[in-house]
Amino acid sequence: MSTPGWGGAPMPPQPGCVRHPTVPTGLSCTRCGRPACPQCLRPASVGQHCVDCVAAAGGSVPQARTVAGGTLRTAVATPVVTFTLMAINVAVYALTAAQAGGVGNQASALFRSFALVPILVADGDYARVVGSGFLHSGIVHLAVNMFALYVIGRDCEAVLGRARYLAVYAVSLLGGAAAVMWLASPVSATVGASGAVFGLLGAQAVVLVRLRRSPTPVLAIIGLNIVLSIAIPGISLWGHLGGLAAGAAATAAVLFLRGGDPARTRLLGWVGVAGVGVLALLAVVVRAGVLLG
């Protein structure tokens, strides 16, 4: 009687990992079937996937977007554009105060150069159209506008997305300037971010309508501020109303213009925003020509 051998047949060599060919492995990706070492595998709902398949799957997942087509960010995402705009406004005020030698900054050379005076714009000083939106006539004026921008801007930035939000802000600023050019005294001086902030209020109202939620709270705030603009001397009613109209129109273009697919819808929204901005600029230029004539 012979004793059976214990050596058995030799095992076939294991294949090398697809990413580390010198590392033999008996494992493989359950998605693509290629051999992979433990370092290159990740747990999956079924089996385990190699890092290449994980990366490919991540790139194919559609980016979550808001109702306006902006990138959906976490609730704690930093409102970068809002903070940047606030910083610019504060920096410009600090510069004018330093030039004037105190908080009474209206004697500043920069203030005098950028305040929106329609007759001076008509004379070719178009930098005032944008520059005036970053000037403030005092620390209280600055504080009120920056607080409003902080409260309103964060929500608008989260819904519209950073790029669209900045575009709506800019268009609102231009709309407020256009209204001042046409409806304010040609020799009056207008400054402040409130035209752009009113544009964001208009944007909020349109967003609520698009979400089929009541815009009544925002409309009440708008109404109260219009009453204050009329009742308190020195507040630019026309700048507020022009910014409000431009911001609401630009946001409506983003939210309500629809194409056959998401990409075309986003393009149409941008075209709409640009169209409102161009109309505001044309209004400024035409009024400048009328004042010169």
# chains A, B, ... in the order shown; residues from 1 in each chain; ligands from 1
>>> residues_around(residues="Val180 of chain A", least_positions_apart="2", cutoff="9 Å", atoms="only C-alpha atoms", output="PyMOL selection string")
chain A and resi 116-118+175-178+182-186+190+236-239+242
>>> residues_around(residues="Arg31 of chain A", least_positions_apart="3", cutoff="9 Å", atoms="only C-alpha atoms", output="short mmCIF file (atom, residue, chain, number, x, y, z; two decimals) with C-alpha atoms, in the first residue's frame")
data_model
loop_
_atom_site.label_atom_id
_atom_site.label_comp_id
_atom_site.auth_asym_id
_atom_site.auth_seq_id
_atom_site.Cartn_x
_atom_site.Cartn_y
_atom_site.Cartn_z
CA SER A 28 -10.09 41.86 -9.50
CA ARG A 34 -9.11 43.69 -14.38
CA GLY A 47 -18.05 43.70 -4.72
CA GLN A 48 -15.20 46.15 -5.07
CA HIS A 49 -14.16 48.56 -7.81
CA CYS A 50 -10.71 49.65 -8.92
CA CYS A 53 -13.65 52.75 -12.33
#
>>> residues_around(residues="Met86 of chain A", least_positions_apart="3", cutoff="8 Å", atoms="only C-alpha atoms", output="list in words")
Thr82, Phe83, Asn89, Val90, Met146, Leu149 and Tyr150 of chain A
>>> select_by_dssp(residues="segment 9-214 of chain A", states="helix (DSSP H, G or I)", output="number ranges by chain")
A: 38-40, 51-60, 80-100, 105-107, 109-114, 118-122, 127-134, 139-160, 162-183, 194-210
>>> atom_distance(atom1="atom CA of Ala179 of chain A", atom2="atom CA of Leu268 of chain A")
25.5 Å
>>> residues_around(residues="segment 225-230 of chain A", least_positions_apart="4", cutoff="12 Å", atoms="only C-alpha atoms", output="ChimeraX atom specification")
/A:148,194-195,197-198,201,218-221,234-242,244
>>> residues_around(residues="Asp155 of chain A", least_positions_apart="4", cutoff="9 Å", atoms="only C-alpha atoms", output="PyMOL selection string")
chain A and resi 79+151+159-160+204
>>> write_last_selection(atoms="C-alpha atoms", output="PDB file, in the first residue's frame")
ATOM      1  CA  PRO A  79     -20.841  83.277  -0.001  1.00  0.00           C
ATOM      2  CA  VAL A 151     -28.607  89.366   4.496  1.00  0.00           C
ATOM      3  CA  VAL A 159     -29.749  80.011  -5.554  1.00  0.00           C
ATOM      4  CA  LEU A 160     -28.360  81.778  -8.621  1.00  0.00           C
ATOM      5  CA  GLN A 204     -35.459  87.246  -4.402  1.00  0.00           C
TER       6      GLN A 204
END
>>> atom_distance(atom1="atom CA of Ala252 of chain A", atom2="atom CA of Val207 of chain A")
8.0 Å
>>> closest_residue(among="A:Phe256, A:Phe147, A:Tyr93, A:Tyr169", to="Ser108 of chain A", atoms="only C-alpha atoms")
A:Tyr93
